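Data file: run-v4.txt. Format and content: compact mmCIF, C-alpha atoms.
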# COMPACT_ATOMS: atom_id res chain seq x y z
CA MET A 29 -54.13 37.95 15.19
CA SER A 30 -55.52 36.94 11.86
CA GLU A 31 -58.87 35.59 10.86
CA LEU A 32 -57.33 32.15 10.47
CA ALA A 33 -56.33 32.09 14.13
CA SER A 34 -59.87 33.00 15.20
CA LYS A 35 -61.20 30.19 13.09
CA LYS A 36 -58.77 27.76 14.66
CA VAL A 37 -59.82 28.91 18.14
CA VAL A 38 -63.46 28.25 17.32
CA LEU A 39 -62.92 24.87 15.66
CA ASP A 40 -60.61 23.71 18.45
CA GLY A 41 -63.15 24.59 21.10
CA LEU A 42 -66.04 23.02 19.25
CA TRP A 43 -64.42 19.89 17.96
CA TYR A 44 -60.67 19.23 17.65
CA ASN A 45 -59.97 19.99 21.29
CA ASN A 46 -63.48 19.36 22.63
CA GLY A 47 -63.42 19.61 26.42
CA VAL A 48 -65.31 16.40 27.02
CA LEU A 49 -64.71 14.22 23.99
CA VAL A 50 -61.03 14.95 23.38
CA GLN A 51 -59.56 16.50 26.52
CA MET A 52 -61.73 14.36 28.80
CA LEU A 53 -62.21 17.19 31.29
CA GLY A 54 -65.29 17.93 33.35
CA MET A 55 -66.31 14.30 33.60
CA CYS A 56 -68.28 14.73 36.83
CA PRO A 57 -71.04 16.99 35.50
CA THR A 58 -70.90 15.23 32.14
CA LEU A 59 -71.65 11.82 33.56
CA ALA A 60 -73.98 12.96 36.30
CA VAL A 61 -76.45 15.27 34.56
CA SER A 62 -76.61 13.70 31.10
CA THR A 63 -79.63 11.50 31.85
CA ASN A 64 -81.61 13.39 29.22
CA ALA A 65 -81.10 15.93 26.48
CA GLU A 66 -82.77 18.78 28.31
CA ASN A 67 -80.50 18.53 31.36
CA GLY A 68 -77.57 18.40 28.97
CA ILE A 69 -78.44 21.67 27.30
CA GLY A 70 -79.21 23.37 30.63
CA MET A 71 -75.93 22.34 32.19
CA GLY A 72 -74.07 23.13 28.97
CA LEU A 73 -75.44 26.65 28.70
CA ALA A 74 -74.82 27.40 32.38
CA THR A 75 -71.23 26.26 31.93
CA THR A 76 -70.91 28.30 28.73
CA GLY A 77 -72.02 31.41 30.59
CA VAL A 78 -69.42 30.87 33.29
CA LEU A 79 -66.70 30.05 30.75
CA LEU A 80 -67.40 33.15 28.71
CA GLY A 81 -67.34 35.40 31.77
CA SER A 82 -64.29 33.88 33.42
CA ASN A 83 -62.29 33.73 30.18
CA VAL A 84 -62.93 37.39 29.42
CA ILE A 85 -62.10 38.59 32.94
CA VAL A 86 -59.03 36.39 33.27
CA SER A 87 -57.79 37.73 29.95
CA VAL A 88 -58.42 41.32 31.05
CA ILE A 89 -56.55 40.95 34.34
CA ARG A 90 -53.83 38.63 33.04
CA LYS A 91 -51.12 41.30 33.07
CA VAL A 92 -51.74 42.56 36.60
CA ILE A 93 -51.97 39.19 38.33
CA PRO A 94 -48.61 37.90 39.63
CA GLN A 95 -47.73 34.37 38.54
CA ASP A 96 -47.68 33.00 42.08
CA VAL A 97 -51.25 33.91 42.96
CA ARG A 98 -52.87 33.42 39.57
CA ILE A 99 -54.69 30.20 40.47
CA PRO A 100 -56.46 31.62 43.56
CA ALA A 101 -57.30 34.76 41.59
CA TYR A 102 -58.81 32.69 38.75
CA ILE A 103 -60.77 30.58 41.21
CA ILE A 104 -62.26 33.70 42.78
CA VAL A 105 -63.30 34.97 39.35
CA ILE A 106 -64.81 31.60 38.42
CA ALA A 107 -66.61 31.20 41.74
CA ALA A 108 -68.09 34.68 41.40
CA PHE A 109 -69.45 33.88 37.95
CA VAL A 110 -70.87 30.55 39.13
CA THR A 111 -72.66 32.32 41.98
CA ILE A 112 -74.05 34.89 39.57
CA VAL A 113 -75.23 32.23 37.09
CA ASP A 114 -76.73 30.24 39.96
CA LEU A 115 -78.71 33.23 41.21
CA LEU A 116 -79.87 34.20 37.73
CA MET A 117 -81.03 30.68 36.97
CA ASN A 118 -82.83 30.52 40.29
CA ALA A 119 -84.61 33.74 39.43
CA PHE A 120 -85.44 33.10 35.79
CA PHE A 121 -85.38 29.32 35.21
CA LEU A 122 -86.66 27.86 38.45
CA GLU A 123 -87.60 24.46 37.03
CA LEU A 124 -84.24 23.87 35.40
CA HIS A 125 -82.53 25.14 38.50
CA LYS A 126 -84.38 22.54 40.53
CA THR A 127 -83.43 19.64 38.26
CA LEU A 128 -79.77 20.58 38.02
CA GLY A 129 -79.63 21.35 41.72
CA ILE A 130 -76.27 20.70 43.31
CA PHE A 131 -74.48 20.51 39.96
CA ILE A 132 -74.67 24.25 39.37
CA PRO A 133 -72.48 25.23 42.34
CA LEU A 134 -70.20 22.39 41.29
CA ILE A 135 -69.45 24.17 38.00
CA VAL A 136 -66.76 25.90 40.09
CA VAL A 137 -64.69 22.73 40.10
CA ASN A 138 -65.30 21.86 36.46
CA CYS A 139 -61.74 21.43 35.18
CA ILE A 140 -62.67 22.74 31.74
CA ILE A 141 -63.16 26.21 33.14
CA LEU A 142 -59.95 26.50 35.13
CA GLY A 143 -58.23 24.69 32.27
CA ARG A 144 -59.27 27.31 29.71
CA ALA A 145 -58.45 30.15 32.09
CA GLU A 146 -54.95 28.80 32.70
CA ALA A 147 -54.14 27.40 29.27
CA PHE A 148 -55.76 29.98 27.04
CA ALA A 149 -57.30 33.10 28.55
CA SER A 150 -54.23 33.98 30.64
CA LYS A 151 -52.09 33.98 27.48
CA ASN A 152 -54.38 35.58 24.90
CA GLY A 153 -56.23 38.77 24.16
CA VAL A 154 -59.79 39.46 25.22
CA PHE A 155 -61.35 38.81 21.82
CA HIS A 156 -59.81 35.40 21.40
CA ALA A 157 -60.46 34.54 25.03
CA MET A 158 -64.11 35.36 24.44
CA LEU A 159 -64.23 33.23 21.28
CA ASP A 160 -62.52 30.40 23.10
CA GLY A 161 -64.98 30.61 25.99
CA ILE A 162 -67.99 30.50 23.70
CA SER A 163 -66.72 27.73 21.45
CA THR A 164 -65.45 25.56 24.30
CA GLY A 165 -68.78 26.06 26.06
CA VAL A 166 -70.80 25.22 22.98
CA GLY A 167 -68.58 22.18 22.38
CA PHE A 168 -69.26 21.07 25.95
CA THR A 169 -72.99 21.66 25.46
CA LEU A 170 -73.02 19.63 22.22
CA ALA A 171 -71.24 16.73 23.89
CA LEU A 172 -73.72 16.79 26.79
CA VAL A 173 -76.74 16.99 24.49
CA VAL A 174 -75.52 14.08 22.34
CA LEU A 175 -74.73 11.99 25.41
CA GLY A 176 -78.02 12.97 27.05
CA SER A 177 -79.97 12.14 23.89
CA VAL A 178 -78.40 8.70 23.54
CA ARG A 179 -79.11 7.90 27.18
CA GLU A 180 -82.63 9.30 27.10
CA ILE A 181 -83.59 7.45 23.91
CA LEU A 182 -82.12 4.09 24.91
CA GLY A 183 -82.87 4.38 28.60
CA ALA A 184 -86.32 5.91 28.63
CA GLY A 185 -87.54 5.62 25.01
CA GLN A 186 -87.97 9.39 24.96
CA TRP A 187 -86.28 12.39 23.42
CA TRP A 188 -86.76 15.88 24.82
CA GLY A 189 -89.46 14.28 26.96
CA MET A 190 -91.46 12.92 24.00
CA ASP A 191 -91.99 9.22 23.35
CA VAL A 192 -90.04 8.33 20.24
CA MET A 193 -89.54 4.59 20.32
CA GLY A 194 -93.10 3.27 20.20
CA ALA A 195 -94.94 1.15 22.72
CA SER A 196 -93.14 -2.12 21.95
CA PHE A 197 -89.76 -0.65 22.94
CA HIS A 198 -88.35 -1.80 26.25
CA PRO A 199 -86.07 0.91 27.62
CA ALA A 200 -82.70 -0.26 28.93
CA ILE A 201 -82.84 1.32 32.36
CA SER A 202 -79.12 0.85 32.90
CA MET A 203 -78.52 3.55 30.27
CA ILE A 204 -80.02 6.13 32.62
CA LEU A 205 -78.04 4.83 35.57
CA PRO A 206 -74.33 5.66 36.01
CA PRO A 207 -72.99 2.63 34.06
CA GLY A 208 -74.94 3.79 31.01
CA ALA A 209 -73.17 7.14 31.19
CA PHE A 210 -69.76 5.49 31.00
CA ILE A 211 -70.78 3.08 28.26
CA ALA A 212 -72.42 5.73 26.07
CA LEU A 213 -69.56 8.19 26.61
CA GLY A 214 -67.05 5.49 25.63
CA PHE A 215 -68.78 4.86 22.33
CA ILE A 216 -69.16 8.57 21.59
CA MET A 217 -65.48 9.19 22.33
CA ALA A 218 -64.48 6.29 20.10
CA GLY A 219 -66.64 7.71 17.32
CA THR A 220 -65.05 11.15 17.70
CA LYS A 221 -61.58 9.65 17.60
CA GLY A 222 -62.51 7.63 14.52
CA ILE A 223 -63.75 10.71 12.67
CA ASN A 224 -60.66 12.68 13.64
CA LEU A 225 -58.35 9.90 12.41
CA ARG A 226 -60.14 9.89 9.09
CA ILE A 227 -59.84 13.67 8.79
CA GLU A 228 -56.12 13.44 9.53
CA ALA A 229 -55.63 10.63 7.03
CA ALA A 230 -57.49 12.59 4.35
CA ALA A 231 -55.43 15.69 5.06
CA ALA A 232 -52.21 13.69 4.91
CA ALA A 233 -53.21 12.11 1.60
CA LYS A 234 -54.05 15.51 0.20
CA ALA A 235 -50.74 16.93 1.34
CA LYS A 236 -48.92 14.07 -0.42
CA GLU A 237 -50.75 14.62 -3.69
CA SER A 238 -49.95 18.32 -3.83
CA PRO A 239 -46.92 19.14 -1.69
CA ALA A 240 -47.38 22.78 -2.64
CA ALA A 241 -50.58 23.07 -0.58
CA PRO A 242 -49.91 24.74 2.74
CA ALA A 243 -49.75 22.27 5.61
CA GLY A 244 -52.57 22.45 8.09
CA ALA A 245 -55.00 23.76 5.52
CA GLU A 246 -58.68 23.30 6.11
CA PRO A 247 -59.58 19.72 6.75
CA SER A 248 -62.10 18.37 4.27
CA PRO A 249 -65.62 18.70 5.65
CA ALA A 250 -66.15 15.15 6.79
CA MET B 28 -41.70 40.96 51.56
CA SER B 29 -43.02 43.73 49.36
CA ASP B 30 -43.90 41.07 46.78
CA LEU B 31 -45.92 39.28 49.40
CA VAL B 32 -47.78 42.45 50.29
CA LYS B 33 -48.43 43.17 46.65
CA MET B 34 -49.84 39.71 46.06
CA GLY B 35 -52.03 39.98 49.12
CA LEU B 36 -53.31 43.34 47.97
CA ILE B 37 -54.07 42.09 44.48
CA LEU B 38 -55.96 39.08 45.78
CA THR B 39 -57.87 41.32 48.15
CA VAL B 40 -58.87 43.61 45.31
CA VAL B 41 -59.92 40.69 43.11
CA GLY B 42 -61.94 39.22 45.97
CA GLY B 43 -63.51 42.57 46.79
CA VAL B 44 -64.58 43.31 43.24
CA ALA B 45 -65.93 39.76 42.80
CA THR B 46 -67.90 40.09 46.03
CA GLY B 47 -69.31 43.39 44.82
CA PHE B 48 -70.62 41.81 41.63
CA MET B 49 -72.11 38.88 43.54
CA ALA B 50 -73.81 41.22 45.99
CA ALA B 51 -75.24 43.27 43.14
CA THR B 52 -76.63 40.16 41.46
CA GLU B 53 -78.09 38.95 44.73
CA GLU B 54 -79.75 42.32 45.22
CA PHE B 55 -81.12 42.22 41.69
CA THR B 56 -82.51 38.67 41.89
CA ARG B 57 -83.64 38.56 45.53
CA ASP B 58 -87.21 39.72 45.02
CA ARG B 59 -87.63 37.66 41.91
CA ILE B 60 -86.43 34.48 43.62
CA ALA B 61 -88.73 35.08 46.59
CA GLU B 62 -91.58 35.77 44.20
CA ALA B 63 -90.87 32.61 42.18
CA LYS B 64 -90.81 30.52 45.35
CA ARG B 65 -94.04 32.05 46.58
CA ARG B 66 -95.74 31.44 43.26
CA GLN B 67 -94.52 27.87 43.22
CA LEU B 68 -95.98 27.26 46.68
CA GLN B 69 -99.25 28.86 45.67
CA GLU B 70 -99.45 26.75 42.52
CA ALA B 71 -98.73 23.56 44.42
CA LEU B 72 -101.32 24.44 47.07
CA GLY B 73 -103.88 25.27 44.41
CA LYS B 74 -103.35 21.84 42.90
CA VAL B 75 -103.73 19.73 46.02
CA LEU B 76 -106.22 21.66 48.16
CA PRO B 77 -109.95 21.04 47.82
CA GLU B 78 -111.45 23.47 45.32
CA GLY B 79 -113.39 26.60 46.07
CA PHE B 80 -111.42 28.26 48.84
CA ASP B 81 -111.39 32.05 49.02
CA ASN B 82 -108.60 32.73 51.49
CA GLN B 83 -104.82 32.77 51.05
CA PRO B 84 -103.76 29.31 52.26
CA ALA B 85 -100.10 30.24 51.83
CA GLN B 86 -100.59 32.72 54.66
CA ASP B 87 -103.02 30.69 56.75
CA VAL B 88 -100.54 28.43 58.43
CA VAL B 89 -100.45 26.21 61.50
CA LYS B 90 -97.05 24.80 62.43
CA LEU B 91 -96.90 21.34 63.95
CA THR B 92 -94.02 19.09 64.89
CA ASP B 93 -94.51 15.36 64.79
CA ALA B 94 -91.99 12.56 64.28
CA ARG B 95 -94.41 10.90 61.88
CA LEU B 96 -94.25 13.83 59.48
CA ASN B 97 -90.48 13.98 59.22
CA ARG B 98 -87.54 12.70 61.17
CA SER B 99 -85.66 15.97 61.18
CA GLY B 100 -87.88 17.36 63.94
CA LYS B 101 -88.62 20.46 61.90
CA PRO B 102 -92.10 21.93 62.23
CA VAL B 103 -94.37 21.27 59.27
CA ASN B 104 -96.60 23.95 57.78
CA PHE B 105 -100.26 23.01 57.58
CA TYR B 106 -101.80 25.38 55.04
CA VAL B 107 -105.48 25.80 55.63
CA ALA B 108 -108.04 26.47 52.91
CA ARG B 109 -111.25 28.23 53.94
CA LYS B 110 -114.35 29.49 52.26
CA GLY B 111 -116.04 32.34 54.05
CA GLY B 112 -113.95 31.48 57.09
CA VAL B 113 -115.16 27.87 57.20
CA PRO B 114 -112.28 25.41 56.81
CA LEU B 115 -112.43 23.31 53.64
CA GLY B 116 -109.27 21.37 54.15
CA SER B 117 -105.54 21.54 54.55
CA ALA B 118 -102.29 20.77 52.77
CA PHE B 119 -99.05 19.69 54.39
CA THR B 120 -95.76 18.11 53.47
CA VAL B 121 -94.90 14.71 54.82
CA THR B 122 -91.42 13.32 54.30
CA ALA B 123 -90.83 9.64 53.61
CA PRO B 124 -87.37 8.85 54.95
CA ASP B 125 -87.35 5.30 53.62
CA GLY B 126 -87.36 5.74 49.84
CA TYR B 127 -84.78 4.02 47.67
CA SER B 128 -82.46 7.03 47.71
CA GLY B 129 -82.94 9.92 50.07
CA ASN B 130 -86.07 11.58 51.31
CA ILE B 131 -89.30 11.84 49.37
CA ASP B 132 -91.35 14.94 50.11
CA VAL B 133 -95.05 14.53 49.47
CA LEU B 134 -97.50 17.41 49.59
CA VAL B 135 -100.82 15.98 50.76
CA GLY B 136 -104.08 17.83 50.34
CA VAL B 137 -107.02 16.71 52.47
CA SER B 138 -110.55 17.92 52.91
CA GLN B 139 -111.65 18.94 56.39
CA ASP B 140 -112.98 15.43 57.09
CA GLY B 141 -109.66 13.81 56.20
CA VAL B 142 -110.34 12.60 52.66
CA ILE B 143 -107.39 13.08 50.29
CA SER B 144 -108.12 15.58 47.55
CA ARG B 145 -104.76 15.12 45.83
CA ILE B 146 -101.11 14.45 46.50
CA GLU B 147 -98.02 15.82 44.78
CA ILE B 148 -94.48 14.49 45.01
CA VAL B 149 -92.53 17.70 45.55
CA ALA B 150 -88.98 16.46 45.92
CA HIS B 151 -87.31 13.11 45.48
CA ALA B 152 -84.09 11.51 44.31
CA GLU B 153 -85.43 8.13 43.24
CA THR B 154 -83.90 6.13 40.41
CA PRO B 155 -84.77 7.60 37.01
CA GLY B 156 -86.86 5.10 35.07
CA LEU B 157 -87.81 3.08 38.13
CA GLY B 158 -88.83 4.91 41.27
CA ASP B 159 -89.45 8.17 39.50
CA LYS B 160 -92.42 6.66 37.70
CA MET B 161 -94.34 7.92 40.69
CA VAL B 162 -94.09 11.44 39.27
CA LYS B 163 -94.12 10.57 35.57
CA THR B 164 -97.33 8.53 35.66
CA ASP B 165 -100.82 8.95 37.01
CA TRP B 166 -99.89 7.02 40.09
CA PRO B 167 -100.44 9.89 42.56
CA LYS B 168 -104.05 9.99 41.34
CA SER B 169 -104.68 6.64 42.99
CA PHE B 170 -104.64 8.46 46.32
CA GLU B 171 -107.57 10.72 45.50
CA GLY B 172 -110.64 10.05 47.59
CA LYS B 173 -108.75 7.81 50.01
CA SER B 174 -108.89 8.33 53.75
CA LEU B 175 -107.77 6.57 56.91
CA GLY B 176 -110.60 4.03 56.82
CA ASN B 177 -110.75 3.70 53.05
CA PRO B 178 -109.08 1.44 52.10
CA VAL B 179 -108.98 -0.56 55.32
CA LYS B 180 -105.56 -1.89 54.50
CA TRP B 181 -103.08 0.78 53.40
CA GLY B 182 -100.18 -0.67 51.48
CA VAL B 183 -98.95 -1.66 48.03
CA LYS B 184 -100.54 -4.69 46.36
CA LYS B 185 -97.49 -6.81 47.06
CA ASP B 186 -98.12 -6.30 50.79
CA GLY B 187 -101.83 -7.04 50.41
CA GLY B 188 -102.86 -3.40 50.10
CA THR B 189 -104.66 -1.55 47.33
CA PHE B 190 -101.98 0.70 45.82
CA ASP B 191 -100.07 -0.32 42.70
CA GLN B 192 -96.35 -0.75 42.82
CA PHE B 193 -94.29 -0.24 39.65
CA ALA B 194 -92.41 -2.90 37.76
CA GLY B 195 -89.01 -3.10 39.37
CA ALA B 196 -89.75 -0.59 42.11
CA THR B 197 -91.61 -1.52 45.25
CA ILE B 198 -89.60 0.39 47.81
CA THR B 199 -90.58 3.83 46.51
CA PRO B 200 -94.37 3.35 46.44
CA ARG B 201 -94.24 1.49 49.73
CA ALA B 202 -92.48 4.45 51.34
CA VAL B 203 -94.88 6.99 49.85
CA VAL B 204 -98.01 5.02 50.82
CA ALA B 205 -96.76 4.65 54.39
CA ALA B 206 -95.81 8.32 54.63
CA VAL B 207 -99.19 9.53 53.35
CA HIS B 208 -100.90 7.21 55.82
CA ARG B 209 -98.85 8.63 58.69
CA GLY B 210 -99.74 12.13 57.52
CA LEU B 211 -103.44 11.29 57.60
CA GLU B 212 -103.07 9.95 61.14
CA VAL B 213 -101.46 13.17 62.29
CA PHE B 214 -104.15 15.21 60.57
CA ALA B 215 -106.92 13.15 62.19
CA GLU B 216 -105.40 13.44 65.65
CA ARG B 217 -104.74 17.17 65.54
CA ARG B 218 -107.53 18.21 63.24
CA GLY B 219 -108.93 20.57 65.85
CA GLU B 220 -105.70 22.51 66.15
CA ILE B 221 -105.12 22.67 62.42
CA LEU B 222 -108.59 23.76 61.38
CA ALA B 223 -109.11 26.13 64.30
CA PRO B 224 -110.30 29.55 63.16
CA SER B 225 -107.30 31.58 62.10
CA THR B 226 -105.92 33.59 65.01
CA THR B 227 -107.09 36.94 63.73
CA SER B 228 -110.69 35.96 63.04
CA GLY B 229 -111.22 35.35 66.76
CA GLY B 230 -113.70 32.55 67.36
CA GLU B 231 -116.72 30.91 65.81
CA ALA B 232 -119.05 33.85 65.94
CA THR B 233 -116.92 35.99 63.69
CA ALA B 234 -116.07 33.03 61.50
CA VAL B 235 -119.72 32.75 60.56
CA SER B 236 -120.78 36.37 60.54
CA GLY B 237 -117.48 37.71 59.28
CA GLY B 238 -118.19 36.35 55.82
CA PRO B 239 -115.39 36.27 53.31
CA GLY B 240 -113.20 38.35 55.55
CA GLN B 241 -110.11 38.51 53.35
CA GLY B 242 -108.66 41.29 55.43
CA GLY B 243 -108.45 39.24 58.56
CA GLU B 244 -106.37 36.45 57.10
CA LYS B 245 -103.02 38.06 56.92
CA PRO B 246 -100.99 37.79 60.07

Give the structure from this file in structure tokens form.
Amino acid sequence: MSELASKKVVLDGLWYNNGVLVQMLGMCPTLAVSTNAENGIGMGLATTGVLLGSNVIVSVIRKVIPQDVRIPAYIIVIAAFVTIVDLLMNAFFLELHKTLGIFIPLIVVNCIILGRAEAFASKNGVFHAMLDGISTGVGFTLALVVLGSVREILGAGQWWGMDVMGASFHPAISMILPPGAFIALGFIMAGTKGINLRIEAAAAAKAKESPAAPAGAEPSPA
Amino acid sequence: MSDLVKMGLILTVVGGVATGFMAATEEFTRDRIAEAKRRQLQEALGKVLPEGFDNQPAQDVVKLTDARLNRSGKPVNFYVARKGGVPLGSAFTVTAPDGYSGNIDVLVGVSQDGVISRIEIVAHAETPGLGDKMVKTDWPKSFEGKSLGNPVKWGVKKDGGTFDQFAGATITPRAVVAAVHRGLEVFAERRGEILAPSTTSGGEATAVSGGPGQGGEKP
């Protein structure tokens, strides 16, 4: 595949097909752990590790796995990687492991991971599967960090654990509680959609002006 | 039929290989995880125990079961700090079952005469921003120097006691204050058992003459 395809894989994973903000997958960990930015990055990186591993392995074994048993085979691969990540985090990042707790084993049932295995890795080569795993994971991490930051700043007056809003600021505790997760995520999704609509409109206008330009060319950096 | 066998075989192979990798990782991380847990316990004990001990409290343990310490009926470790074999105090975990959400585990450090040296909230699931102020503020410090008779009335201010509650969260501090109080009661009642010379040092005579007998501490 060409360089262009690689670029599309990366941009799709990071932004145009962002697991959380566009595909709306993996809502459980997204809503549950995003009470602050640090949890967001921890959960995001753990998920990225699993995604990268499972995507690569699924891509490698895609030709030997019969259609009928592919889902159980993928689940075994994913569960193995989750166990490995869980053990490694327990050994090397004990504090983070304690805060994320039950949500690490639950990465197994994060739909983003099975979704990428089924929709992408099982149909593409190892290199692109790897790129897709990394970019989808980083896209997931970014979404969690943004959501965690918004909730931490509004809900606790802090960012990365530091006071940022001054003493007169009264944190809105509901932002740290579950309703705040839904509210903040709704606004962030709306913002993403708005930006994407603008990009599309700009691309369409550009295509009209110069019909010779190849369709689907780079969107203007918005 | 042969398809079925093939599928079964393939799944078996995938499962076997995956298990192999997991086992290898477990093998690789086992010692490190045990070490990290041990260090964490040691750190926590060092924080709450009275200063100046020269033994290994993590290994100087008395196990007691009491419904006031936790409702699960599990024995609680009382880690004993000694200097030259003489007990300085002890640290133990008491579980408050009546927090706002789930159990609150509090590690309580007391001197040998039952005065709190320090407490640490080790595990909790209280509401972020409300109940969890108990770990994010200096609130646990308000327990230092307290004992069963001081203050006379244990409780949060709302209930006429001396401990602060937080804005919007009374249940959490109330639960912690009550749990620490219950822990002190247990310690006072069974102080003799807890602070008894460690099994290997064999009685008062050796406890005095034995000096800083590090060797005798390990079971």

Interface list for chain B, partner chain A, 12 Å threshold, only C-alpha atoms, as a PyMOL selection string: chain B and resi 30-67+149-160+163+194-195

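You can rank A:Gly165, A:Gly70, A:Pro57, A:Pro133 by their closest distance to Leu42 in chain A using all atoms listed in the file, and at the top of that list sits A:Gly165.
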
Near-Leu49 in chain A list (8 Å; all atoms listed in the file; drop same-chain fewer than 4 positions) as a ChimeraX atom specification: /A:45,171,216-217,220

Keeping only C-alpha atoms, take the residues you just selected and write them out as a PDB file, in the frame of the given file.
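That gives us again-v2.pdb:
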ATOM      1  CA  ASN A  45     -59.970  19.990  21.290  1.00  0.00           C
ATOM      2  CA  ALA A 171     -71.240  16.730  23.890  1.00  0.00           C
ATOM      3  CA  ILE A 216     -69.160   8.570  21.590  1.00  0.00           C
ATOM      4  CA  MET A 217     -65.480   9.190  22.330  1.00  0.00           C
ATOM      5  CA  THR A 220     -65.050  11.150  17.700  1.00  0.00           C
TER       6      THR A 220
END

Between CA of Arg217 in chain B and CA of Gly182 in chain B - distance in Å to one decimal: 23.2 Å

Nearest to Gly68 in chain A by atom-to-atom distance, counting all atoms listed in the file, from A:Leu170, A:Val50, A:Cys139, A:Cys56: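 Between A:Leu170, A:Val50, A:Cys139, A:Cys56, the residue approaching Gly68 in chain A most closely is A:Leu170.
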